$ cat target.pdb   # PDB, N, CA and C atoms
MODEL        1
ATOM      1  N   MET O 159      -5.918 -80.145  10.433  1.00  0.00           N
ATOM      2  CA  MET O 159      -4.703 -80.943  10.302  1.00  0.00           C
ATOM      3  C   MET O 159      -4.479 -81.281   8.824  1.00  0.00           C
ATOM      4  N   ILE O 160      -3.244 -81.319   8.452  1.00  0.00           N
ATOM      5  CA  ILE O 160      -2.858 -81.597   7.074  1.00  0.00           C
ATOM      6  C   ILE O 160      -2.840 -83.105   6.856  1.00  0.00           C
ATOM      7  N   SER O 161      -3.448 -83.548   5.764  1.00  0.00           N
ATOM      8  CA  SER O 161      -3.408 -84.980   5.476  1.00  0.00           C
ATOM      9  C   SER O 161      -2.018 -85.357   4.968  1.00  0.00           C
ATOM     10  N   GLU O 162      -1.636 -86.602   5.187  1.00  0.00           N
ATOM     11  CA  GLU O 162      -0.336 -87.077   4.712  1.00  0.00           C
ATOM     12  C   GLU O 162      -0.245 -86.957   3.198  1.00  0.00           C
ATOM     13  N   GLU O 163      -1.336 -87.262   2.516  1.00  0.00           N
ATOM     14  CA  GLU O 163      -1.366 -87.196   1.055  1.00  0.00           C
ATOM     15  C   GLU O 163      -1.120 -85.761   0.569  1.00  0.00           C
ATOM     16  N   GLN O 164      -1.789 -84.799   1.196  1.00  0.00           N
ATOM     17  CA  GLN O 164      -1.608 -83.401   0.825  1.00  0.00           C
ATOM     18  C   GLN O 164      -0.185 -82.942   1.126  1.00  0.00           C
ATOM     19  N   PHE O 165       0.342 -83.365   2.278  1.00  0.00           N
ATOM     20  CA  PHE O 165       1.702 -82.993   2.667  1.00  0.00           C
ATOM     21  C   PHE O 165       2.718 -83.511   1.651  1.00  0.00           C
ATOM     22  N   ILE O 166       2.592 -84.759   1.272  1.00  0.00           N
ATOM     23  CA  ILE O 166       3.523 -85.346   0.299  1.00  0.00           C
ATOM     24  C   ILE O 166       3.399 -84.630  -1.042  1.00  0.00           C
ATOM     25  N   ASN O 167       2.186 -84.327  -1.454  1.00  0.00           N
ATOM     26  CA  ASN O 167       1.980 -83.597  -2.701  1.00  0.00           C
ATOM     27  C   ASN O 167       2.645 -82.217  -2.640  1.00  0.00           C
ATOM     28  N   ASP O 168       2.449 -81.512  -1.534  1.00  0.00           N
ATOM     29  CA  ASP O 168       3.062 -80.192  -1.373  1.00  0.00           C
ATOM     30  C   ASP O 168       4.584 -80.291  -1.362  1.00  0.00           C
ATOM     31  N   LEU O 169       5.119 -81.333  -0.745  1.00  0.00           N
ATOM     32  CA  LEU O 169       6.569 -81.534  -0.701  1.00  0.00           C
ATOM     33  C   LEU O 169       7.121 -81.791  -2.101  1.00  0.00           C
ATOM     34  N   GLN O 170       6.405 -82.597  -2.868  1.00  0.00           N
ATOM     35  CA  GLN O 170       6.840 -82.869  -4.241  1.00  0.00           C
ATOM     36  C   GLN O 170       6.839 -81.594  -5.082  1.00  0.00           C
ATOM     37  N   VAL O 171       5.827 -80.785  -4.921  1.00  0.00           N
ATOM     38  CA  VAL O 171       5.743 -79.519  -5.666  1.00  0.00           C
ATOM     39  C   VAL O 171       6.890 -78.601  -5.247  1.00  0.00           C
ATOM     40  N   MET O 172       7.119 -78.492  -3.937  1.00  0.00           N
ATOM     41  CA  MET O 172       8.187 -77.633  -3.439  1.00  0.00           C
ATOM     42  C   MET O 172       9.551 -78.084  -3.963  1.00  0.00           C
ATOM     43  N   LEU O 173       9.761 -79.408  -3.999  1.00  0.00           N
ATOM     44  CA  LEU O 173      11.042 -79.950  -4.463  1.00  0.00           C
ATOM     45  C   LEU O 173      11.129 -80.023  -5.987  1.00  0.00           C
ATOM     46  N   LYS O 174      10.020 -79.715  -6.647  1.00  0.00           N
ATOM     47  CA  LYS O 174       9.955 -79.782  -8.111  1.00  0.00           C
ATOM     48  C   LYS O 174      10.403 -81.151  -8.619  1.00  0.00           C
ATOM     49  N   THR O 175       9.798 -82.195  -8.037  1.00  0.00           N
ATOM     50  CA  THR O 175      10.150 -83.548  -8.408  1.00  0.00           C
ATOM     51  C   THR O 175       8.899 -84.384  -8.653  1.00  0.00           C
ATOM     52  N   GLU O 176       9.035 -85.341  -9.519  1.00  0.00           N
ATOM     53  CA  GLU O 176       7.966 -86.314  -9.744  1.00  0.00           C
ATOM     54  C   GLU O 176       8.322 -87.631  -9.074  1.00  0.00           C
ATOM     55  N   GLU O 177       9.437 -87.628  -8.351  1.00  0.00           N
ATOM     56  CA  GLU O 177       9.887 -88.801  -7.609  1.00  0.00           C
ATOM     57  C   GLU O 177       8.801 -89.227  -6.625  1.00  0.00           C
ATOM     58  N   VAL O 178       8.610 -90.525  -6.489  1.00  0.00           N
ATOM     59  CA  VAL O 178       7.640 -91.041  -5.530  1.00  0.00           C
ATOM     60  C   VAL O 178       8.209 -90.838  -4.130  1.00  0.00           C
ATOM     61  N   ILE O 179       7.461 -90.123  -3.306  1.00  0.00           N
ATOM     62  CA  ILE O 179       7.882 -89.845  -1.939  1.00  0.00           C
ATOM     63  C   ILE O 179       6.889 -90.498  -0.992  1.00  0.00           C
ATOM     64  N   THR O 180       7.422 -91.171   0.016  1.00  0.00           N
ATOM     65  CA  THR O 180       6.585 -91.811   1.025  1.00  0.00           C
ATOM     66  C   THR O 180       6.969 -91.284   2.401  1.00  0.00           C
ATOM     67  N   MET O 181       6.084 -91.458   3.360  1.00  0.00           N
ATOM     68  CA  MET O 181       6.322 -90.950   4.708  1.00  0.00           C
ATOM     69  C   MET O 181       7.536 -91.606   5.359  1.00  0.00           C
ATOM     70  N   ASP O 182       7.806 -92.865   5.039  1.00  0.00           N
ATOM     71  CA  ASP O 182       8.929 -93.562   5.673  1.00  0.00           C
ATOM     72  C   ASP O 182      10.230 -93.450   4.875  1.00  0.00           C
ATOM     73  N   MET O 183      10.245 -92.567   3.891  1.00  0.00           N
ATOM     74  CA  MET O 183      11.431 -92.392   3.055  1.00  0.00           C
ATOM     75  C   MET O 183      12.484 -91.553   3.777  1.00  0.00           C
ATOM     76  N   ASP O 184      13.729 -91.988   3.673  1.00  0.00           N
ATOM     77  CA  ASP O 184      14.857 -91.235   4.222  1.00  0.00           C
ATOM     78  C   ASP O 184      15.063 -90.001   3.353  1.00  0.00           C
ATOM     79  N   LEU O 185      15.198 -88.851   3.975  1.00  0.00           N
ATOM     80  CA  LEU O 185      15.373 -87.609   3.218  1.00  0.00           C
ATOM     81  C   LEU O 185      16.616 -87.639   2.334  1.00  0.00           C
ATOM     82  N   LEU O 186      17.648 -88.337   2.772  1.00  0.00           N
ATOM     83  CA  LEU O 186      18.872 -88.431   1.978  1.00  0.00           C
ATOM     84  C   LEU O 186      18.672 -89.227   0.696  1.00  0.00           C
ATOM     85  N   ASP O 187      17.579 -89.996   0.635  1.00  0.00           N
ATOM     86  CA  ASP O 187      17.264 -90.756  -0.574  1.00  0.00           C
ATOM     87  C   ASP O 187      16.501 -89.920  -1.602  1.00  0.00           C
ATOM     88  N   ILE O 188      16.110 -88.724  -1.225  1.00  0.00           N
ATOM     89  CA  ILE O 188      15.421 -87.829  -2.144  1.00  0.00           C
ATOM     90  C   ILE O 188      16.484 -86.966  -2.813  1.00  0.00           C
ATOM     91  N   GLU O 189      16.633 -87.154  -4.098  1.00  0.00           N
ATOM     92  CA  GLU O 189      17.708 -86.510  -4.845  1.00  0.00           C
ATOM     93  C   GLU O 189      17.733 -84.996  -4.690  1.00  0.00           C
ATOM     94  N   SER O 190      16.573 -84.360  -4.660  1.00  0.00           N
ATOM     95  CA  SER O 190      16.529 -82.899  -4.635  1.00  0.00           C
ATOM     96  C   SER O 190      16.525 -82.307  -3.216  1.00  0.00           C
ATOM     97  N   TRP O 191      16.628 -83.142  -2.179  1.00  0.00           N
ATOM     98  CA  TRP O 191      16.644 -82.627  -0.812  1.00  0.00           C
ATOM     99  C   TRP O 191      18.061 -82.186  -0.455  1.00  0.00           C
ATOM    100  N   ASP O 192      18.216 -80.908  -0.107  1.00  0.00           N
ATOM    101  CA  ASP O 192      19.518 -80.371   0.278  1.00  0.00           C
ATOM    102  C   ASP O 192      19.293 -79.200   1.237  1.00  0.00           C
ATOM    103  N   SER O 193      20.342 -78.479   1.563  1.00  0.00           N
ATOM    104  CA  SER O 193      20.214 -77.385   2.525  1.00  0.00           C
ATOM    105  C   SER O 193      19.291 -76.274   2.013  1.00  0.00           C
ATOM    106  N   PHE O 194      19.272 -76.048   0.713  1.00  0.00           N
ATOM    107  CA  PHE O 194      18.358 -75.047   0.152  1.00  0.00           C
ATOM    108  C   PHE O 194      16.909 -75.501   0.309  1.00  0.00           C
ATOM    109  N   SER O 195      16.694 -76.814   0.174  1.00  0.00           N
ATOM    110  CA  SER O 195      15.349 -77.372   0.342  1.00  0.00           C
ATOM    111  C   SER O 195      14.862 -77.196   1.770  1.00  0.00           C
ATOM    112  N   MET O 196      15.771 -77.295   2.720  1.00  0.00           N
ATOM    113  CA  MET O 196      15.389 -77.106   4.125  1.00  0.00           C
ATOM    114  C   MET O 196      14.838 -75.699   4.339  1.00  0.00           C
ATOM    115  N   VAL O 197      15.522 -74.721   3.781  1.00  0.00           N
ATOM    116  CA  VAL O 197      15.075 -73.326   3.900  1.00  0.00           C
ATOM    117  C   VAL O 197      13.736 -73.143   3.186  1.00  0.00           C
ATOM    118  N   ALA O 198      13.624 -73.718   1.995  1.00  0.00           N
ATOM    119  CA  ALA O 198      12.375 -73.632   1.232  1.00  0.00           C
ATOM    120  C   ALA O 198      11.238 -74.314   1.981  1.00  0.00           C
ATOM    121  N   PHE O 199      11.547 -75.417   2.660  1.00  0.00           N
ATOM    122  CA  PHE O 199      10.520 -76.137   3.418  1.00  0.00           C
ATOM    123  C   PHE O 199       9.995 -75.279   4.559  1.00  0.00           C
ATOM    124  N   VAL O 200      10.887 -74.614   5.274  1.00  0.00           N
ATOM    125  CA  VAL O 200      10.473 -73.737   6.375  1.00  0.00           C
ATOM    126  C   VAL O 200       9.557 -72.636   5.843  1.00  0.00           C
ATOM    127  N   ALA O 201       9.940 -72.046   4.728  1.00  0.00           N
ATOM    128  CA  ALA O 201       9.119 -70.991   4.127  1.00  0.00           C
ATOM    129  C   ALA O 201       7.765 -71.534   3.679  1.00  0.00           C
ATOM    130  N   MET O 202       7.758 -72.718   3.059  1.00  0.00           N
ATOM    131  CA  MET O 202       6.506 -73.317   2.610  1.00  0.00           C
ATOM    132  C   MET O 202       5.585 -73.596   3.793  1.00  0.00           C
ATOM    133  N   ALA O 203       6.133 -74.143   4.866  1.00  0.00           N
ATOM    134  CA  ALA O 203       5.330 -74.481   6.042  1.00  0.00           C
ATOM    135  C   ALA O 203       4.685 -73.226   6.627  1.00  0.00           C
ATOM    136  N   GLU O 204       5.437 -72.156   6.678  1.00  0.00           N
ATOM    137  CA  GLU O 204       4.908 -70.912   7.233  1.00  0.00           C
ATOM    138  C   GLU O 204       3.832 -70.312   6.326  1.00  0.00           C
ATOM    139  N   GLU O 205       4.085 -70.360   5.015  1.00  0.00           N
ATOM    140  CA  GLU O 205       3.148 -69.767   4.066  1.00  0.00           C
ATOM    141  C   GLU O 205       1.903 -70.626   3.853  1.00  0.00           C
ATOM    142  N   LYS O 206       2.112 -71.904   3.597  1.00  0.00           N
ATOM    143  CA  LYS O 206       1.009 -72.792   3.209  1.00  0.00           C
ATOM    144  C   LYS O 206       0.205 -73.300   4.408  1.00  0.00           C
ATOM    145  N   TYR O 207       0.905 -73.620   5.499  1.00  0.00           N
ATOM    146  CA  TYR O 207       0.238 -74.234   6.657  1.00  0.00           C
ATOM    147  C   TYR O 207       0.092 -73.271   7.834  1.00  0.00           C
ATOM    148  N   ASN O 208       0.652 -72.052   7.671  1.00  0.00           N
ATOM    149  CA  ASN O 208       0.606 -71.064   8.745  1.00  0.00           C
ATOM    150  C   ASN O 208       1.193 -71.622  10.043  1.00  0.00           C
ATOM    151  N   VAL O 209       2.323 -72.323   9.892  1.00  0.00           N
ATOM    152  CA  VAL O 209       2.988 -72.964  11.020  1.00  0.00           C
ATOM    153  C   VAL O 209       4.417 -72.463  11.099  1.00  0.00           C
ATOM    154  N   LYS O 210       4.833 -72.072  12.256  1.00  0.00           N
ATOM    155  CA  LYS O 210       6.219 -71.661  12.498  1.00  0.00           C
ATOM    156  C   LYS O 210       6.984 -72.921  12.940  1.00  0.00           C
ATOM    157  N   VAL O 211       7.812 -73.445  12.061  1.00  0.00           N
ATOM    158  CA  VAL O 211       8.530 -74.683  12.392  1.00  0.00           C
ATOM    159  C   VAL O 211       9.888 -74.368  13.011  1.00  0.00           C
ATOM    160  N   ASP O 212      10.303 -75.251  13.883  1.00  0.00           N
ATOM    161  CA  ASP O 212      11.604 -75.140  14.513  1.00  0.00           C
ATOM    162  C   ASP O 212      12.676 -75.555  13.506  1.00  0.00           C
ATOM    163  N   LYS O 213      13.547 -74.635  13.176  1.00  0.00           N
ATOM    164  CA  LYS O 213      14.574 -74.911  12.162  1.00  0.00           C
ATOM    165  C   LYS O 213      15.486 -76.060  12.569  1.00  0.00           C
ATOM    166  N   PHE O 214      15.701 -76.238  13.865  1.00  0.00           N
ATOM    167  CA  PHE O 214      16.540 -77.341  14.327  1.00  0.00           C
ATOM    168  C   PHE O 214      15.864 -78.688  14.090  1.00  0.00           C
ATOM    169  N   SER O 215      14.545 -78.729  14.229  1.00  0.00           N
ATOM    170  CA  SER O 215      13.845 -79.997  13.989  1.00  0.00           C
ATOM    171  C   SER O 215      13.909 -80.371  12.509  1.00  0.00           C
ATOM    172  N   ILE O 216      13.948 -79.371  11.636  1.00  0.00           N
ATOM    173  CA  ILE O 216      14.080 -79.642  10.206  1.00  0.00           C
ATOM    174  C   ILE O 216      15.493 -80.144   9.906  1.00  0.00           C
ATOM    175  N   ALA O 217      16.477 -79.510  10.508  1.00  0.00           N
ATOM    176  CA  ALA O 217      17.868 -79.919  10.292  1.00  0.00           C
ATOM    177  C   ALA O 217      18.127 -81.325  10.821  1.00  0.00           C
ATOM    178  N   GLU O 218      17.414 -81.717  11.873  1.00  0.00           N
ATOM    179  CA  GLU O 218      17.599 -83.035  12.473  1.00  0.00           C
ATOM    180  C   GLU O 218      16.693 -84.098  11.859  1.00  0.00           C
ATOM    181  N   ALA O 219      15.801 -83.706  10.979  1.00  0.00           N
ATOM    182  CA  ALA O 219      14.861 -84.656  10.368  1.00  0.00           C
ATOM    183  C   ALA O 219      15.606 -85.705   9.556  1.00  0.00           C
ATOM    184  N   VAL O 220      15.161 -86.939   9.684  1.00  0.00           N
ATOM    185  CA  VAL O 220      15.758 -88.049   8.950  1.00  0.00           C
ATOM    186  C   VAL O 220      14.778 -88.570   7.904  1.00  0.00           C
ATOM    187  N   LEU O 221      13.524 -88.684   8.294  1.00  0.00           N
ATOM    188  CA  LEU O 221      12.486 -89.221   7.416  1.00  0.00           C
ATOM    189  C   LEU O 221      11.510 -88.119   7.000  1.00  0.00           C
ATOM    190  N   VAL O 222      10.804 -88.354   5.933  1.00  0.00           N
ATOM    191  CA  VAL O 222       9.741 -87.442   5.502  1.00  0.00           C
ATOM    192  C   VAL O 222       8.739 -87.276   6.643  1.00  0.00           C
ATOM    193  N   GLU O 223       8.476 -88.337   7.353  1.00  0.00           N
ATOM    194  CA  GLU O 223       7.543 -88.303   8.478  1.00  0.00           C
ATOM    195  C   GLU O 223       7.990 -87.293   9.552  1.00  0.00           C
ATOM    196  N   ASP O 224       9.295 -87.123   9.729  1.00  0.00           N
ATOM    197  CA  ASP O 224       9.811 -86.135  10.683  1.00  0.00           C
ATOM    198  C   ASP O 224       9.414 -84.719  10.273  1.00  0.00           C
ATOM    199  N   LEU O 225       9.452 -84.448   8.962  1.00  0.00           N
ATOM    200  CA  LEU O 225       9.024 -83.142   8.471  1.00  0.00           C
ATOM    201  C   LEU O 225       7.531 -82.947   8.709  1.00  0.00           C
ATOM    202  N   TYR O 226       6.764 -83.996   8.427  1.00  0.00           N
ATOM    203  CA  TYR O 226       5.320 -83.953   8.639  1.00  0.00           C
ATOM    204  C   TYR O 226       5.008 -83.665  10.111  1.00  0.00           C
ATOM    205  N   ASP O 227       5.721 -84.361  11.001  1.00  0.00           N
ATOM    206  CA  ASP O 227       5.505 -84.148  12.431  1.00  0.00           C
ATOM    207  C   ASP O 227       5.825 -82.708  12.833  1.00  0.00           C
ATOM    208  N   ALA O 228       6.828 -82.120  12.200  1.00  0.00           N
ATOM    209  CA  ALA O 228       7.235 -80.755  12.525  1.00  0.00           C
ATOM    210  C   ALA O 228       6.138 -79.740  12.171  1.00  0.00           C
ATOM    211  N   VAL O 229       5.373 -80.004  11.127  1.00  0.00           N
ATOM    212  CA  VAL O 229       4.315 -79.056  10.750  1.00  0.00           C
ATOM    213  C   VAL O 229       2.983 -79.382  11.409  1.00  0.00           C
ATOM    214  N   CYS O 230       2.866 -80.553  11.989  1.00  0.00           N
ATOM    215  CA  CYS O 230       1.613 -80.943  12.630  1.00  0.00           C
ATOM    216  C   CYS O 230       1.628 -80.760  14.134  1.00  0.00           C
ATOM    217  N   VAL O 231       2.655 -80.131  14.660  1.00  0.00           N
ATOM    218  CA  VAL O 231       2.762 -79.926  16.114  1.00  0.00           C
ATOM    219  C   VAL O 231       1.753 -78.914  16.569  1.00  0.00           C
TER     220      VAL O 231
ENDMDL
END

$ encode --input "target.pdb" --output "structure tokens"
Amino acid sequence: MISEEQFINDLQVMLKTEEVITMDMDLLDIESWDSFSMVAFVAMAEEKYNVKVDKFSIAEAVLVEDLYDAVCV
């Protein structure tokens, strides 16, 4: 299982941001989160975590924790 700390670190690297990201943060509050980031996140999850994520769950995600839950299923 992926630790929350590792997940947040990987998300920051993927988004190329030094912004402080927390599990309870709204994705809309992350400046670099957009539709391209969603696609990049799916690719990262498959490559880094060897997890096939449901694209609809990513599109419906509201919090960072929702993304974490999607890769920890």

$ select_by_dssp --input "target.pdb" --residues "chain O" --states "alpha helix (DSSP H)" --output "PyMOL selection string"
chain O and resi 162-173+193-206+213-217+222-229

$ residues_around --input "target.pdb" --residues "Ile188 in chain O" --least-positions-apart "6" --cutoff "12 Å" --atoms "only C-alpha atoms" --output "MDAnalysis selection string"
chainID O and resid 169:170 173:182 195 220:222

$ atom_distance --input "target.pdb" --atom1 "CA of Leu185 in chain O" --atom2 "CA of Ala217 in chain O"
10.7 Å

$ residues_around --input "target.pdb" --residues "range 199-212 of chain O" --least-positions-apart "4" --cutoff "10 Å" --atoms "only C-alpha atoms" --output "list in words"
Met159, Ile160, Phe165, Asp168, Leu169, Met172, Leu173, Trp191, Ser193, Phe194, Ser195, Ile216, Ala217, Leu225, Tyr226, Asp227, Ala228, Val229, Cys230 and Val231 of chain O

$ atom_distance --input "target.pdb" --atom1 "CA of Asp192 in chain O" --atom2 "CA of Glu223 in chain O"
16.5 Å

$ build_atoms --input "target.pdb" --residues "range 212-230 of chain O" --atoms "N, CA, C and O atoms" --output "PDB file, keeping the file's coordinate frame"
ATOM      1  N   ASP O 212      10.303 -75.251  13.883  1.00  0.00           N
ATOM      2  CA  ASP O 212      11.604 -75.140  14.513  1.00  0.00           C
ATOM      3  C   ASP O 212      12.676 -75.555  13.506  1.00  0.00           C
ATOM      4  O   ASP O 212      12.678 -76.688  13.025  1.00  0.00           O
ATOM      5  N   LYS O 213      13.547 -74.635  13.176  1.00  0.00           N
ATOM      6  CA  LYS O 213      14.574 -74.911  12.162  1.00  0.00           C
ATOM      7  C   LYS O 213      15.486 -76.060  12.569  1.00  0.00           C
ATOM      8  O   LYS O 213      15.966 -76.817  11.733  1.00  0.00           O
ATOM      9  N   PHE O 214      15.701 -76.238  13.865  1.00  0.00           N
ATOM     10  CA  PHE O 214      16.540 -77.341  14.327  1.00  0.00           C
ATOM     11  C   PHE O 214      15.864 -78.688  14.090  1.00  0.00           C
ATOM     12  O   PHE O 214      16.524 -79.660  13.767  1.00  0.00           O
ATOM     13  N   SER O 215      14.545 -78.729  14.229  1.00  0.00           N
ATOM     14  CA  SER O 215      13.845 -79.997  13.989  1.00  0.00           C
ATOM     15  C   SER O 215      13.909 -80.371  12.509  1.00  0.00           C
ATOM     16  O   SER O 215      13.969 -81.548  12.161  1.00  0.00           O
ATOM     17  N   ILE O 216      13.948 -79.371  11.636  1.00  0.00           N
ATOM     18  CA  ILE O 216      14.080 -79.642  10.206  1.00  0.00           C
ATOM     19  C   ILE O 216      15.493 -80.144   9.906  1.00  0.00           C
ATOM     20  O   ILE O 216      15.684 -81.105   9.171  1.00  0.00           O
ATOM     21  N   ALA O 217      16.477 -79.510  10.508  1.00  0.00           N
ATOM     22  CA  ALA O 217      17.868 -79.919  10.292  1.00  0.00           C
ATOM     23  C   ALA O 217      18.127 -81.325  10.821  1.00  0.00           C
ATOM     24  O   ALA O 217      18.942 -82.065  10.271  1.00  0.00           O
ATOM     25  N   GLU O 218      17.414 -81.717  11.873  1.00  0.00           N
ATOM     26  CA  GLU O 218      17.599 -83.035  12.473  1.00  0.00           C
ATOM     27  C   GLU O 218      16.693 -84.098  11.859  1.00  0.00           C
ATOM     28  O   GLU O 218      16.818 -85.281  12.182  1.00  0.00           O
ATOM     29  N   ALA O 219      15.801 -83.706  10.979  1.00  0.00           N
ATOM     30  CA  ALA O 219      14.861 -84.656  10.368  1.00  0.00           C
ATOM     31  C   ALA O 219      15.606 -85.705   9.556  1.00  0.00           C
ATOM     32  O   ALA O 219      16.554 -85.395   8.840  1.00  0.00           O
ATOM     33  N   VAL O 220      15.161 -86.939   9.684  1.00  0.00           N
ATOM     34  CA  VAL O 220      15.758 -88.049   8.950  1.00  0.00           C
ATOM     35  C   VAL O 220      14.778 -88.570   7.904  1.00  0.00           C
ATOM     36  O   VAL O 220      15.160 -88.835   6.771  1.00  0.00           O
ATOM     37  N   LEU O 221      13.524 -88.684   8.294  1.00  0.00           N
ATOM     38  CA  LEU O 221      12.486 -89.221   7.416  1.00  0.00           C
ATOM     39  C   LEU O 221      11.510 -88.119   7.000  1.00  0.00           C
ATOM     40  O   LEU O 221      11.390 -87.098   7.681  1.00  0.00           O
ATOM     41  N   VAL O 222      10.804 -88.354   5.933  1.00  0.00           N
ATOM     42  CA  VAL O 222       9.741 -87.442   5.502  1.00  0.00           C
ATOM     43  C   VAL O 222       8.739 -87.276   6.643  1.00  0.00           C
ATOM     44  O   VAL O 222       8.248 -86.178   6.900  1.00  0.00           O
ATOM     45  N   GLU O 223       8.476 -88.337   7.353  1.00  0.00           N
ATOM     46  CA  GLU O 223       7.543 -88.303   8.478  1.00  0.00           C
ATOM     47  C   GLU O 223       7.990 -87.293   9.552  1.00  0.00           C
ATOM     48  O   GLU O 223       7.156 -86.647  10.190  1.00  0.00           O
ATOM     49  N   ASP O 224       9.295 -87.123   9.729  1.00  0.00           N
ATOM     50  CA  ASP O 224       9.811 -86.135  10.683  1.00  0.00           C
ATOM     51  C   ASP O 224       9.414 -84.719  10.273  1.00  0.00           C
ATOM     52  O   ASP O 224       9.094 -83.886  11.117  1.00  0.00           O
ATOM     53  N   LEU O 225       9.452 -84.448   8.962  1.00  0.00           N
ATOM     54  CA  LEU O 225       9.024 -83.142   8.471  1.00  0.00           C
ATOM     55  C   LEU O 225       7.531 -82.947   8.709  1.00  0.00           C
ATOM     56  O   LEU O 225       7.088 -81.875   9.116  1.00  0.00           O
ATOM     57  N   TYR O 226       6.764 -83.996   8.427  1.00  0.00           N
ATOM     58  CA  TYR O 226       5.320 -83.953   8.639  1.00  0.00           C
ATOM     59  C   TYR O 226       5.008 -83.665  10.111  1.00  0.00           C
ATOM     60  O   TYR O 226       4.175 -82.825  10.427  1.00  0.00           O
ATOM     61  N   ASP O 227       5.721 -84.361  11.001  1.00  0.00           N
ATOM     62  CA  ASP O 227       5.505 -84.148  12.431  1.00  0.00           C
ATOM     63  C   ASP O 227       5.825 -82.708  12.833  1.00  0.00           C
ATOM     64  O   ASP O 227       5.161 -82.144  13.695  1.00  0.00           O
ATOM     65  N   ALA O 228       6.828 -82.120  12.200  1.00  0.00           N
ATOM     66  CA  ALA O 228       7.235 -80.755  12.525  1.00  0.00           C
ATOM     67  C   ALA O 228       6.138 -79.740  12.171  1.00  0.00           C
ATOM     68  O   ALA O 228       5.997 -78.730  12.854  1.00  0.00           O
ATOM     69  N   VAL O 229       5.373 -80.004  11.127  1.00  0.00           N
ATOM     70  CA  VAL O 229       4.315 -79.056  10.750  1.00  0.00           C
ATOM     71  C   VAL O 229       2.983 -79.382  11.409  1.00  0.00           C
ATOM     72  O   VAL O 229       2.085 -78.538  11.415  1.00  0.00           O
ATOM     73  N   CYS O 230       2.866 -80.553  11.989  1.00  0.00           N
ATOM     74  CA  CYS O 230       1.613 -80.943  12.630  1.00  0.00           C
ATOM     75  C   CYS O 230       1.628 -80.760  14.134  1.00  0.00           C
ATOM     76  O   CYS O 230       0.707 -81.179  14.817  1.00  0.00           O
TER      77      CYS O 230
END
